[in-house]
>>> print(open('model11.cif').read())   # mmCIF, C-alpha atoms
data_model
#
loop_
_atom_site.group_PDB
_atom_site.id
_atom_site.type_symbol
_atom_site.label_atom_id
_atom_site.label_comp_id
_atom_site.auth_asym_id
_atom_site.auth_seq_id
_atom_site.Cartn_x
_atom_site.Cartn_y
_atom_site.Cartn_z
ATOM 1 C CA MET A 3 -4.276 17.808 22.976
ATOM 2 C CA ALA A 4 -2.798 15.521 20.314
ATOM 3 C CA ARG A 5 -3.607 13.345 17.319
ATOM 4 C CA LEU A 6 -2.426 9.771 16.739
ATOM 5 C CA ALA A 7 -1.614 7.795 13.606
ATOM 6 C CA LEU A 8 -1.688 3.983 13.556
ATOM 7 C CA ASP A 9 -0.501 1.690 10.749
ATOM 8 C CA ILE A 10 -1.098 -2.070 11.046
ATOM 9 C CA GLY A 11 0.485 -4.459 8.589
ATOM 10 C CA GLY A 12 1.380 -8.107 8.404
ATOM 11 C CA THR A 13 4.979 -7.582 9.543
ATOM 12 C CA LYS A 14 4.939 -4.421 11.663
ATOM 13 C CA ILE A 15 2.749 -2.048 13.627
ATOM 14 C CA ALA A 16 3.685 1.634 13.678
ATOM 15 C CA ALA A 17 2.200 4.541 15.620
ATOM 16 C CA GLY A 18 3.111 8.130 16.318
ATOM 17 C CA LEU A 19 1.920 11.580 17.266
ATOM 18 C CA VAL A 20 0.805 13.644 14.299
ATOM 19 C CA ALA A 21 2.480 16.969 13.595
ATOM 20 C CA GLU A 22 0.880 19.905 11.827
ATOM 21 C CA GLY A 23 0.261 19.029 8.203
ATOM 22 C CA GLY A 24 -0.190 15.353 8.972
ATOM 23 C CA THR A 25 3.406 14.131 9.151
ATOM 24 C CA VAL A 26 4.510 11.683 11.853
ATOM 25 C CA PRO A 27 8.079 12.709 12.700
ATOM 26 C CA GLU A 28 8.929 10.217 15.456
ATOM 27 C CA PRO A 29 7.075 6.923 14.918
ATOM 28 C CA SER A 30 7.359 3.921 17.216
ATOM 29 C CA ILE A 31 7.408 0.488 15.597
ATOM 30 C CA THR A 32 6.907 -3.063 16.856
ATOM 31 C CA PRO A 33 6.726 -6.400 14.981
ATOM 32 C CA THR A 34 3.254 -7.764 14.333
ATOM 33 C CA PRO A 35 2.861 -10.821 16.563
ATOM 34 C CA THR A 36 1.219 -14.036 15.423
ATOM 35 C CA SER A 37 -1.279 -13.724 18.273
ATOM 36 C CA GLY A 38 -2.376 -10.894 20.542
ATOM 37 C CA VAL A 39 -2.247 -8.377 17.704
ATOM 38 C CA TRP A 40 -4.645 -5.935 19.332
ATOM 39 C CA ASP A 41 -2.782 -6.134 22.633
ATOM 40 C CA ALA A 42 0.400 -5.157 20.777
ATOM 41 C CA CYS A 43 -1.432 -2.251 19.112
ATOM 42 C CA ALA A 44 -2.905 -1.037 22.392
ATOM 43 C CA THR A 45 0.439 -1.175 24.184
ATOM 44 C CA LEU A 46 2.095 0.833 21.409
ATOM 45 C CA LEU A 47 -0.706 3.412 21.323
ATOM 46 C CA ARG A 48 -0.581 3.917 25.094
ATOM 47 C CA GLU A 49 3.189 4.387 24.987
ATOM 48 C CA VAL A 50 2.989 6.906 22.157
ATOM 49 C CA ALA A 51 0.056 8.826 23.646
ATOM 50 C CA ALA A 52 1.634 8.959 27.123
ATOM 51 C CA ASP A 53 -0.250 11.631 29.087
ATOM 52 C CA ALA A 54 -1.587 13.545 26.063
ATOM 53 C CA THR A 55 -5.308 14.076 25.506
ATOM 54 C CA ILE A 56 -6.002 12.354 22.185
ATOM 55 C CA THR A 57 -8.538 14.135 19.998
ATOM 56 C CA SER A 58 -8.358 12.007 16.839
ATOM 57 C CA VAL A 59 -6.829 8.778 15.572
ATOM 58 C CA GLY A 60 -6.125 7.983 11.919
ATOM 59 C CA ILE A 61 -5.919 4.246 11.266
ATOM 60 C CA ALA A 62 -4.426 2.474 8.274
ATOM 61 C CA CYS A 63 -4.739 -1.307 8.127
ATOM 62 C CA ALA A 64 -4.079 -4.057 5.647
ATOM 63 C CA GLY A 65 -7.269 -5.038 3.892
ATOM 64 C CA PRO A 66 -9.922 -5.913 3.217
ATOM 65 C CA VAL A 67 -11.529 -3.327 5.460
ATOM 66 C CA ASP A 68 -15.078 -2.276 6.231
ATOM 67 C CA SER A 69 -14.736 1.452 6.690
ATOM 68 C CA THR A 70 -18.434 1.897 7.494
ATOM 69 C CA GLY A 71 -18.567 -0.796 10.167
ATOM 70 C CA GLY A 72 -15.047 -0.127 11.409
ATOM 71 C CA ARG A 73 -13.967 -3.736 10.949
ATOM 72 C CA VAL A 74 -10.887 -5.203 9.265
ATOM 73 C CA ALA A 75 -10.177 -8.685 7.903
ATOM 74 C CA PRO A 76 -6.589 -8.562 6.608
ATOM 75 C CA ILE A 77 -5.503 -11.616 4.653
ATOM 76 C CA ASN A 78 -1.964 -11.298 6.049
ATOM 77 C CA ILE A 79 -2.973 -11.267 9.748
ATOM 78 C CA ASP A 80 -4.383 -14.717 10.481
ATOM 79 C CA GLU A 81 -5.810 -13.772 13.867
ATOM 80 C CA TRP A 82 -8.008 -11.105 12.286
ATOM 81 C CA SER A 83 -8.780 -12.808 8.969
ATOM 82 C CA ALA A 84 -12.378 -13.539 10.027
ATOM 83 C CA GLY A 85 -12.895 -9.906 11.054
ATOM 84 C CA PHE A 86 -11.936 -7.654 13.954
ATOM 85 C CA GLY A 87 -13.684 -4.513 15.250
ATOM 86 C CA LEU A 88 -10.633 -2.271 15.072
ATOM 87 C CA VAL A 89 -12.371 1.101 15.311
ATOM 88 C CA ASP A 90 -14.358 0.085 18.393
ATOM 89 C CA ALA A 91 -11.175 -1.194 20.025
ATOM 90 C CA VAL A 92 -9.438 2.143 19.396
ATOM 91 C CA ARG A 93 -12.454 4.032 20.723
ATOM 92 C CA ASP A 94 -12.341 1.975 23.910
ATOM 93 C CA LEU A 95 -8.783 3.256 24.432
ATOM 94 C CA PHE A 96 -9.565 6.870 23.520
ATOM 95 C CA PRO A 97 -13.309 7.411 24.075
ATOM 96 C CA ASP A 98 -13.255 11.127 23.248
ATOM 97 C CA ALA A 99 -11.242 10.813 20.032
ATOM 98 C CA ARG A 100 -12.619 10.944 16.519
ATOM 99 C CA THR A 101 -11.461 7.968 14.450
ATOM 100 C CA ARG A 102 -11.044 7.381 10.755
ATOM 101 C CA LEU A 103 -10.112 4.055 9.133
ATOM 102 C CA ALA A 104 -8.664 3.437 5.678
ATOM 103 C CA MET A 105 -7.114 0.536 3.842
ATOM 104 C CA ASP A 106 -3.312 0.726 3.994
ATOM 105 C CA GLY A 107 -2.942 1.230 0.242
ATOM 106 C CA ALA A 108 -5.397 4.119 0.321
ATOM 107 C CA ALA A 109 -3.518 5.687 3.230
ATOM 108 C CA ALA A 110 -0.237 5.367 1.332
ATOM 109 C CA ALA A 111 -1.843 7.092 -1.649
ATOM 110 C CA LEU A 112 -3.042 9.917 0.594
ATOM 111 C CA GLY A 113 0.404 10.265 2.155
ATOM 112 C CA GLU A 114 2.074 10.557 -1.260
ATOM 113 C CA HIS A 115 -0.614 13.011 -2.363
ATOM 114 C CA ARG A 116 -0.061 15.357 0.576
ATOM 115 C CA HIS A 117 3.646 14.967 1.315
ATOM 116 C CA GLY A 118 5.299 12.857 -1.372
ATOM 117 C CA ALA A 119 5.497 12.365 -5.123
ATOM 118 C CA GLY A 120 1.865 13.426 -5.646
ATOM 119 C CA ARG A 121 2.145 16.921 -4.187
ATOM 120 C CA GLY A 122 0.288 19.412 -6.354
ATOM 121 C CA THR A 123 -1.767 16.741 -8.143
ATOM 122 C CA SER A 124 -5.414 16.206 -7.293
ATOM 123 C CA ASP A 125 -5.749 12.736 -8.837
ATOM 124 C CA LEU A 126 -3.444 9.721 -8.682
ATOM 125 C CA VAL A 127 -3.161 5.978 -8.261
ATOM 126 C CA SER A 128 -0.579 4.596 -5.862
ATOM 127 C CA LEU A 129 0.978 1.124 -5.835
ATOM 128 C CA VAL A 130 3.028 -0.572 -3.119
ATOM 129 C CA VAL A 131 4.932 -3.413 -4.798
ATOM 130 C CA SER A 132 6.447 -5.707 -2.220
ATOM 131 C CA THR A 133 5.540 -9.120 -0.790
ATOM 132 C CA GLY A 134 2.081 -8.351 -2.146
ATOM 133 C CA ILE A 135 0.794 -5.452 -4.230
ATOM 134 C CA GLY A 136 -1.364 -2.873 -2.511
ATOM 135 C CA GLY A 137 -2.832 0.267 -3.922
ATOM 136 C CA GLY A 138 -4.991 3.287 -3.411
ATOM 137 C CA VAL A 139 -6.651 6.039 -5.394
ATOM 138 C CA VAL A 140 -6.970 9.764 -4.724
ATOM 139 C CA LEU A 141 -9.566 11.635 -6.792
ATOM 140 C CA GLY A 142 -10.223 15.321 -6.388
ATOM 141 C CA GLY A 143 -7.800 15.428 -3.462
ATOM 142 C CA ARG A 144 -9.694 12.788 -1.472
ATOM 143 C CA ILE A 145 -9.300 9.043 -1.007
ATOM 144 C CA ALA A 146 -11.635 7.120 -3.292
ATOM 145 C CA THR A 147 -13.039 4.562 -0.876
ATOM 146 C CA GLY A 148 -15.704 2.756 -2.849
ATOM 147 C CA ARG A 149 -18.702 1.059 -1.288
ATOM 148 C CA THR A 150 -16.837 -0.639 1.586
ATOM 149 C CA GLY A 151 -13.522 1.227 1.739
ATOM 150 C CA ASN A 152 -11.589 -1.176 -0.490
ATOM 151 C CA ALA A 153 -11.295 0.822 -3.717
ATOM 152 C CA GLY A 154 -7.754 0.715 -5.036
ATOM 153 C CA HIS A 155 -6.962 -2.998 -4.775
ATOM 154 C CA ILE A 156 -4.918 -2.767 -7.973
ATOM 155 C CA GLY A 157 -2.932 -5.861 -7.014
ATOM 156 C CA HIS A 158 -6.043 -7.869 -7.828
ATOM 157 C CA LEU A 159 -6.562 -6.608 -11.351
ATOM 158 C CA VAL A 160 -6.235 -9.574 -13.694
ATOM 159 C CA VAL A 161 -3.355 -9.156 -16.137
ATOM 160 C CA PRO A 162 -2.234 -11.023 -19.264
ATOM 161 C CA GLY A 163 0.135 -13.845 -18.404
ATOM 162 C CA GLY A 164 -1.313 -14.383 -14.958
ATOM 163 C CA THR A 165 -2.331 -17.998 -14.442
ATOM 164 C CA GLU A 166 -1.456 -18.629 -10.767
ATOM 165 C CA ALA A 167 -4.013 -18.869 -7.997
ATOM 166 C CA CYS A 168 -3.898 -15.790 -5.774
ATOM 167 C CA THR A 169 -4.231 -15.578 -1.999
ATOM 168 C CA CYS A 170 -7.483 -13.670 -2.596
ATOM 169 C CA GLY A 171 -9.012 -16.804 -4.109
ATOM 170 C CA GLY A 172 -8.891 -15.570 -7.693
ATOM 171 C CA VAL A 173 -6.575 -16.499 -10.549
ATOM 172 C CA GLY A 174 -4.200 -14.343 -12.571
ATOM 173 C CA CYS A 175 -4.081 -11.272 -10.335
ATOM 174 C CA LEU A 176 -1.309 -8.732 -10.846
ATOM 175 C CA GLU A 177 0.058 -9.779 -7.450
ATOM 176 C CA THR A 178 0.706 -13.300 -8.778
ATOM 177 C CA VAL A 179 2.912 -11.908 -11.553
ATOM 178 C CA ALA A 180 4.596 -8.745 -10.308
ATOM 179 C CA SER A 181 5.133 -9.014 -6.550
ATOM 180 C CA GLY A 182 8.609 -9.897 -5.300
ATOM 181 C CA PRO A 183 7.728 -13.492 -4.312
ATOM 182 C CA ALA A 184 5.863 -14.014 -7.597
ATOM 183 C CA ALA A 185 8.903 -12.937 -9.605
ATOM 184 C CA VAL A 186 11.087 -15.269 -7.538
ATOM 185 C CA ARG A 187 8.710 -18.212 -8.077
ATOM 186 C CA TRP A 188 8.646 -17.662 -11.826
ATOM 187 C CA ALA A 189 12.429 -17.260 -12.078
ATOM 188 C CA ARG A 190 13.049 -20.419 -10.065
ATOM 189 C CA SER A 191 10.648 -22.310 -12.325
ATOM 190 C CA GLN A 192 12.944 -21.272 -15.190
ATOM 191 C CA GLY A 193 16.074 -22.627 -13.510
ATOM 192 C CA TRP A 194 17.274 -19.563 -11.580
ATOM 193 C CA HIS A 195 18.654 -20.386 -8.111
ATOM 194 C CA GLY A 196 18.216 -17.209 -6.038
ATOM 195 C CA THR A 197 15.677 -16.779 -3.268
ATOM 196 C CA THR A 198 14.636 -13.103 -2.951
ATOM 197 C CA GLY A 199 13.645 -10.076 -4.971
ATOM 198 C CA ILE A 200 16.980 -8.516 -3.992
ATOM 199 C CA ASP A 201 18.718 -11.527 -5.531
ATOM 200 C CA ILE A 202 16.752 -11.110 -8.745
ATOM 201 C CA ALA A 203 17.697 -7.447 -9.019
ATOM 202 C CA ALA A 204 21.381 -8.258 -8.483
ATOM 203 C CA SER A 205 21.285 -11.124 -10.985
ATOM 204 C CA ALA A 206 19.615 -8.904 -13.559
ATOM 205 C CA VAL A 207 22.342 -6.278 -13.170
ATOM 206 C CA SER A 208 24.879 -9.061 -13.756
ATOM 207 C CA GLY A 209 23.071 -9.990 -16.964
ATOM 208 C CA ASP A 210 21.452 -13.262 -15.910
ATOM 209 C CA PRO A 211 18.872 -13.830 -18.679
ATOM 210 C CA VAL A 212 16.264 -15.447 -16.431
ATOM 211 C CA ALA A 213 16.453 -12.632 -13.869
ATOM 212 C CA VAL A 214 16.223 -10.052 -16.661
ATOM 213 C CA ALA A 215 13.154 -11.850 -18.024
ATOM 214 C CA ALA A 216 11.557 -12.044 -14.565
ATOM 215 C CA LEU A 217 11.875 -8.287 -14.058
ATOM 216 C CA ASP A 218 10.666 -7.618 -17.596
ATOM 217 C CA ARG A 219 7.625 -9.828 -16.980
ATOM 218 C CA ALA A 220 6.818 -8.118 -13.680
ATOM 219 C CA GLY A 221 7.409 -4.602 -14.997
ATOM 220 C CA THR A 222 5.283 -5.194 -18.074
ATOM 221 C CA ALA A 223 2.391 -6.468 -15.953
ATOM 222 C CA LEU A 224 2.638 -3.423 -13.673
ATOM 223 C CA GLY A 225 2.634 -1.071 -16.661
ATOM 224 C CA VAL A 226 -0.425 -2.769 -18.160
ATOM 225 C CA ALA A 227 -2.299 -2.508 -14.856
ATOM 226 C CA ILE A 228 -1.351 1.146 -14.417
ATOM 227 C CA ALA A 229 -2.468 2.068 -17.947
ATOM 228 C CA SER A 230 -5.762 0.255 -17.375
ATOM 229 C CA ALA A 231 -6.332 2.087 -14.090
ATOM 230 C CA ALA A 232 -5.467 5.407 -15.705
ATOM 231 C CA ALA A 233 -8.050 4.921 -18.442
ATOM 232 C CA LEU A 234 -10.697 3.820 -15.938
ATOM 233 C CA LEU A 235 -10.099 6.668 -13.491
ATOM 234 C CA ASP A 236 -8.992 9.514 -15.814
ATOM 235 C CA ILE A 237 -5.724 10.141 -13.952
ATOM 236 C CA ASP A 238 -2.329 11.298 -15.160
ATOM 237 C CA LEU A 239 -0.059 10.151 -12.305
ATOM 238 C CA ALA A 240 0.895 6.753 -10.892
ATOM 239 C CA VAL A 241 3.184 6.585 -7.851
ATOM 240 C CA VAL A 242 4.992 3.283 -7.347
ATOM 241 C CA GLY A 243 6.730 2.324 -4.111
ATOM 242 C CA GLY A 244 7.477 -0.746 -2.006
ATOM 243 C CA GLY A 245 10.533 -2.922 -1.585
ATOM 244 C CA PHE A 246 10.373 -4.706 -4.943
ATOM 245 C CA ALA A 247 9.940 -1.359 -6.718
ATOM 246 C CA GLN A 248 13.589 -0.753 -5.809
ATOM 247 C CA ALA A 249 14.679 -3.445 -8.291
ATOM 248 C CA GLY A 250 16.028 -0.800 -10.660
ATOM 249 C CA PRO A 251 15.913 -0.172 -14.417
ATOM 250 C CA GLY A 252 15.261 -3.829 -15.181
ATOM 251 C CA LEU A 253 11.794 -3.373 -13.647
ATOM 252 C CA TRP A 254 11.172 0.304 -14.379
ATOM 253 C CA GLN A 255 12.031 0.334 -18.073
ATOM 254 C CA PRO A 256 9.489 -2.333 -19.092
ATOM 255 C CA LEU A 257 6.997 -0.850 -16.627
ATOM 256 C CA ARG A 258 7.125 2.595 -18.226
ATOM 257 C CA ALA A 259 7.249 1.145 -21.742
ATOM 258 C CA ALA A 260 4.116 -0.943 -21.146
ATOM 259 C CA ALA A 261 2.271 1.963 -19.542
ATOM 260 C CA ALA A 262 3.108 4.201 -22.510
ATOM 261 C CA ARG A 263 2.173 1.493 -25.018
ATOM 262 C CA HIS A 264 -1.288 0.995 -23.528
ATOM 263 C CA ALA A 265 -2.163 4.533 -22.357
ATOM 264 C CA ARG A 266 -3.082 5.833 -25.805
ATOM 265 C CA LEU A 267 -6.358 7.680 -25.247
ATOM 266 C CA THR A 268 -5.867 11.431 -25.416
ATOM 267 C CA PHE A 269 -6.784 12.029 -21.779
ATOM 268 C CA VAL A 270 -4.130 9.604 -20.501
ATOM 269 C CA SER A 271 -1.447 10.143 -23.134
ATOM 270 C CA ASP A 272 0.533 12.274 -20.677
ATOM 271 C CA LEU A 273 0.443 9.600 -17.938
ATOM 272 C CA ARG A 274 3.470 9.832 -15.640
ATOM 273 C CA VAL A 275 4.782 6.903 -13.578
ATOM 274 C CA VAL A 276 7.114 8.002 -10.796
ATOM 275 C CA PRO A 277 8.785 6.443 -7.737
ATOM 276 C CA ALA A 278 7.193 7.019 -4.348
ATOM 277 C CA GLU A 279 9.045 9.495 -2.142
ATOM 278 C CA LEU A 280 7.933 8.493 1.353
ATOM 279 C CA GLY A 281 9.130 4.893 1.361
ATOM 280 C CA ALA A 282 7.944 2.667 4.174
ATOM 281 C CA SER A 283 6.615 5.661 6.125
ATOM 282 C CA GLY A 284 4.012 6.559 3.505
ATOM 283 C CA THR A 285 1.175 4.558 5.029
ATOM 284 C CA LEU A 286 1.705 6.013 8.501
ATOM 285 C CA VAL A 287 1.894 9.525 7.039
ATOM 286 C CA GLY A 288 -1.431 8.828 5.314
ATOM 287 C CA ALA A 289 -2.888 7.747 8.653
ATOM 288 C CA GLY A 290 -1.610 11.023 10.078
ATOM 289 C CA VAL A 291 -3.453 12.952 7.392
ATOM 290 C CA LEU A 292 -6.585 10.951 8.232
ATOM 291 C CA ALA A 293 -6.227 11.998 11.875
ATOM 292 C CA LEU A 294 -5.767 15.613 10.841
ATOM 293 C CA ASP A 295 -8.795 15.579 8.529
ATOM 294 C CA SER A 296 -11.108 13.471 10.690
#
>>> encode(input="model11.cif", output="structure tokens")
Amino acid sequence: MARLALDIGGTKIAAGLVAEGGTVPEPSITPTPTSGVWDACATLLREVAADATITSVGIACAGPVDSTGGRVAPINIDEWSAGFGLVDAVRDLFPDARTRLAMDGAAAALGEHRHGAGRGTSDLVSLVVSTGIGGGVVLGGRIATGRTGNAGHIGHLVVPGGTEACTCGGVGCLETVASGPAAVRWARSQGWHGTTGIDIAASAVSGDPVAVAALDRAGTALGVAIASAAALLDIDLAVVGGGFAQAGPGLWQPLRAAAARHARLTFVSDLRVVPAELGASGTLVGAGVLALDS
């Protein structure tokens, strides 16, 4: 008998057998196709499961999700943007398995809580800062799901300085200020000529004033959002991962300074902001914990 973990994102699909404790030591990964997304998922799951009897499947998927109805409508997977019955599809593959679905940011938070930077802490907020900004919340050692399973969408907090329209349909979301593409757009509007978040980080190290300002702007917005979440949720730990979070001190120094400047209530005055430890595997590890706990 075995447990499966599945992680579905806009660029890749990952799956693996779950080890004791919820880790996924040997994941298999395939690019997310523009069409036939479920077929790609099913093929990967069958390959990973092989001849094993599957007893549970933990599923992490880009959101929004409907954890009660088992449906997903990720904004970064066009084929599913109107809604797809993901849990039912998994159950058709493994009829005897228990299933549990969570938003990818929530799964990443759970992974960091159990096996990463949040070990030993019962309450935390997690951010994945990359092409977009995802997030999740763990309270009392459990994922905080909210009414529909979408609690933790910290990338869609509105922050000072945010005036751009967001892919969610709103205006001024954190994601429009502090994601990698958002920082690139702002820097280019100021005359910078690079094209990626990696370029911005390198330019900032070289002292380019626009790149330095872009990272300062993004880091400050992240720190403000984290301090706001900490006060709302009564937490003392924020875990920050994702590709753009690797931009270095130019991002992290203003991030921590802004968080400290705004987290002034006594119950959040000891707020810690730390790098994620699990990297890109965090979401799949969280799905593994879901499979273990289902």
>>> resolve_selection(input="model11.cif", expression="the PyMOL selection byres ((chain A and resi 138) around 10)", output="PDB file with C-alpha atoms, keeping the file's coordinate frame")
ATOM      1  CA  ALA A 104      -8.664   3.437   5.678  1.00  0.00           C
ATOM      2  CA  MET A 105      -7.114   0.536   3.842  1.00  0.00           C
ATOM      3  CA  ASP A 106      -3.312   0.726   3.994  1.00  0.00           C
ATOM      4  CA  GLY A 107      -2.942   1.230   0.242  1.00  0.00           C
ATOM      5  CA  ALA A 108      -5.397   4.119   0.321  1.00  0.00           C
ATOM      6  CA  ALA A 109      -3.518   5.687   3.230  1.00  0.00           C
ATOM      7  CA  ALA A 110      -0.237   5.367   1.332  1.00  0.00           C
ATOM      8  CA  ALA A 111      -1.843   7.092  -1.649  1.00  0.00           C
ATOM      9  CA  LEU A 112      -3.042   9.917   0.594  1.00  0.00           C
ATOM     10  CA  LEU A 126      -3.444   9.721  -8.682  1.00  0.00           C
ATOM     11  CA  VAL A 127      -3.161   5.978  -8.261  1.00  0.00           C
ATOM     12  CA  SER A 128      -0.579   4.596  -5.862  1.00  0.00           C
ATOM     13  CA  LEU A 129       0.978   1.124  -5.835  1.00  0.00           C
ATOM     14  CA  VAL A 130       3.028  -0.572  -3.119  1.00  0.00           C
ATOM     15  CA  GLY A 136      -1.364  -2.873  -2.511  1.00  0.00           C
ATOM     16  CA  GLY A 137      -2.832   0.267  -3.922  1.00  0.00           C
ATOM     17  CA  VAL A 139      -6.651   6.039  -5.394  1.00  0.00           C
ATOM     18  CA  VAL A 140      -6.970   9.764  -4.724  1.00  0.00           C
ATOM     19  CA  ILE A 145      -9.300   9.043  -1.007  1.00  0.00           C
ATOM     20  CA  ALA A 146     -11.635   7.120  -3.292  1.00  0.00           C
ATOM     21  CA  THR A 147     -13.039   4.562  -0.876  1.00  0.00           C
ATOM     22  CA  ASN A 152     -11.589  -1.176  -0.490  1.00  0.00           C
ATOM     23  CA  ALA A 153     -11.295   0.822  -3.717  1.00  0.00           C
ATOM     24  CA  GLY A 154      -7.754   0.715  -5.036  1.00  0.00           C
ATOM     25  CA  HIS A 155      -6.962  -2.998  -4.775  1.00  0.00           C
ATOM     26  CA  ILE A 156      -4.918  -2.767  -7.973  1.00  0.00           C
ATOM     27  CA  VAL A 241       3.184   6.585  -7.851  1.00  0.00           C
TER      28      VAL A 241
END
>>> closest_residue(input="model11.cif", among="A:Gly148, A:Gly87, A:Gly245, A:Gly290", to="Ser181 of chain A", atoms="all atoms listed in the file")
A:Gly245
>>> resolve_selection(input="model11.cif", expression="the PyMOL selection byres ((chain A and resi 66) around 8)", output="list in words")
Ala64, Gly65, Val67, Asp68, Val74, Ala75, Pro76, Ile77, Met105 and Asn152 of chain A
>>> atom_distance(input="model11.cif", atom1="atom CA of Ala7 of chain A", atom2="atom CA of Ala293 of chain A")
6.5 Å
>>> atom_distance(input="model11.cif", atom1="atom CA of Ala203 of chain A", atom2="atom CA of Thr178 of chain A")
18.0 Å
>>> closest_atom_pairs(input="model11.cif", of="segment 53-157 of chain A", to="segment 33-49 of chain A", cutoff="12 Å", atoms="only C-alpha atoms", output="Markdown table")
| residue | atom | partner | partner_atom | distance |
| --- | --- | --- | --- | --- |
| A:Asp53 | CA | A:Arg48 | CA | 8.7 |
| A:Ala54 | CA | A:Arg48 | CA | 9.7 |
| A:Thr55 | CA | A:Arg48 | CA | 11.2 |
| A:Ile56 | CA | A:Leu47 | CA | 10.4 |
| A:Val59 | CA | A:Leu47 | CA | 10.0 |
| A:Gly60 | CA | A:Leu47 | CA | 11.8 |
| A:Ile61 | CA | A:Cys43 | CA | 11.1 |
| A:Cys63 | CA | A:Cys43 | CA | 11.5 |
| A:Ala64 | CA | A:Thr34 | CA | 12.0 |
| A:Val74 | CA | A:Trp40 | CA | 11.9 |
| A:Pro76 | CA | A:Val39 | CA | 11.9 |
| A:Asn78 | CA | A:Thr36 | CA | 10.3 |
| A:Ile79 | CA | A:Thr36 | CA | 7.6 |
| A:Asp80 | CA | A:Thr36 | CA | 7.5 |
| A:Glu81 | CA | A:Ser37 | CA | 6.3 |
| A:Trp82 | CA | A:Val39 | CA | 8.4 |
| A:Ser83 | CA | A:Val39 | CA | 11.8 |
| A:Phe86 | CA | A:Trp40 | CA | 9.2 |
| A:Gly87 | CA | A:Trp40 | CA | 10.0 |
| A:Leu88 | CA | A:Trp40 | CA | 8.2 |
| A:Val89 | CA | A:Trp40 | CA | 11.2 |
| A:Asp90 | CA | A:Trp40 | CA | 11.5 |
| A:Ala91 | CA | A:Trp40 | CA | 8.1 |
| A:Val92 | CA | A:Ala44 | CA | 7.9 |
| A:Arg93 | CA | A:Ala44 | CA | 10.9 |
| A:Asp94 | CA | A:Ala44 | CA | 10.0 |
| A:Leu95 | CA | A:Ala44 | CA | 7.6 |
| A:Phe96 | CA | A:Arg48 | CA | 9.6 |
>>> resolve_selection(input="model11.cif", expression="the PyMOL selection byres ((chain A and resi 256) around 9)", output="list in words")
Leu217, Asp218, Arg219, Ala220, Gly221, Thr222, Ala223, Leu224, Gly225, Pro251, Gly252, Leu253, Trp254, Gln255, Leu257, Arg258, Ala259, Ala260 and Ala261 of chain A
>>> closest_residue(input="model11.cif", among="A:Val226, A:Trp194, A:Ala233, A:Pro183", to="Val214 of chain A", atoms="all atoms listed in the file")
A:Trp194
>>> residues_around(input="model11.cif", residues="Glu114 of chain A", least_positions_apart="5", cutoff="9 Å", atoms="all atoms listed in the file", output="list in words")
Ala109, Ala119, Gly120, Arg121, Ser128, Val241, Ala278, Glu279, Leu280, Gly284, Thr285, Val287 and Gly288 of chain A
>>> closest_residue(input="model11.cif", among="A:Ala180, A:Ile10, A:Ala216, A:Leu267", to="Gly196 of chain A", atoms="only C-alpha atoms")
A:Ala216
>>> closest_residue(input="model11.cif", among="A:Leu292, A:Val207, A:Ala229, A:Ile237", to="Arg266 of chain A", atoms="all atoms listed in the file")
A:Ala229
>>> atom_distance(input="model11.cif", atom1="atom CA of Asp295 of chain A", atom2="atom CA of Ser58 of chain A")
9.1 Å
>>> decode(input="model11.cif", residues="segment 163-170 of chain A", atoms="N, CA, C and O atoms", output="CSV table (one decimal), in the first residue's frame")
chain,number,residue,atom,x,y,z
A,163,GLY,N,1.4,52.0,-2.9
A,163,GLY,CA,2.2,52.1,-4.1
A,163,GLY,C,1.7,51.2,-5.2
A,163,GLY,O,2.2,51.3,-6.3
A,164,GLY,N,0.7,50.4,-4.9
A,164,GLY,CA,0.2,49.5,-6.0
A,164,GLY,C,-0.9,50.2,-6.7
A,164,GLY,O,-2.0,50.5,-6.2
A,165,THR,N,-0.7,50.4,-8.0
A,165,THR,CA,-1.7,51.0,-8.8
A,165,THR,C,-2.0,50.2,-10.1
A,165,THR,O,-3.0,50.6,-10.8
A,166,GLU,N,-1.3,49.2,-10.4
A,166,GLU,CA,-1.5,48.4,-11.6
A,166,GLU,C,-2.7,47.4,-11.4
A,166,GLU,O,-3.0,47.0,-10.3
A,167,ALA,N,-3.4,47.2,-12.5
A,167,ALA,CA,-4.4,46.1,-12.6
A,167,ALA,C,-3.7,44.8,-12.4
A,167,ALA,O,-2.7,44.5,-12.9
A,168,CYS,N,-4.4,43.9,-11.6
A,168,CYS,CA,-3.8,42.6,-11.3
A,168,CYS,C,-4.6,41.5,-12.2
A,168,CYS,O,-5.7,41.8,-12.6
A,169,THR,N,-4.0,40.4,-12.4
A,169,THR,CA,-4.6,39.3,-13.1
A,169,THR,C,-5.9,38.8,-12.4
A,169,THR,O,-6.7,38.2,-13.0
A,170,CYS,N,-6.0,39.1,-11.1
A,170,CYS,CA,-7.2,38.7,-10.4
A,170,CYS,C,-8.4,39.6,-10.7
A,170,CYS,O,-9.5,39.2,-10.4
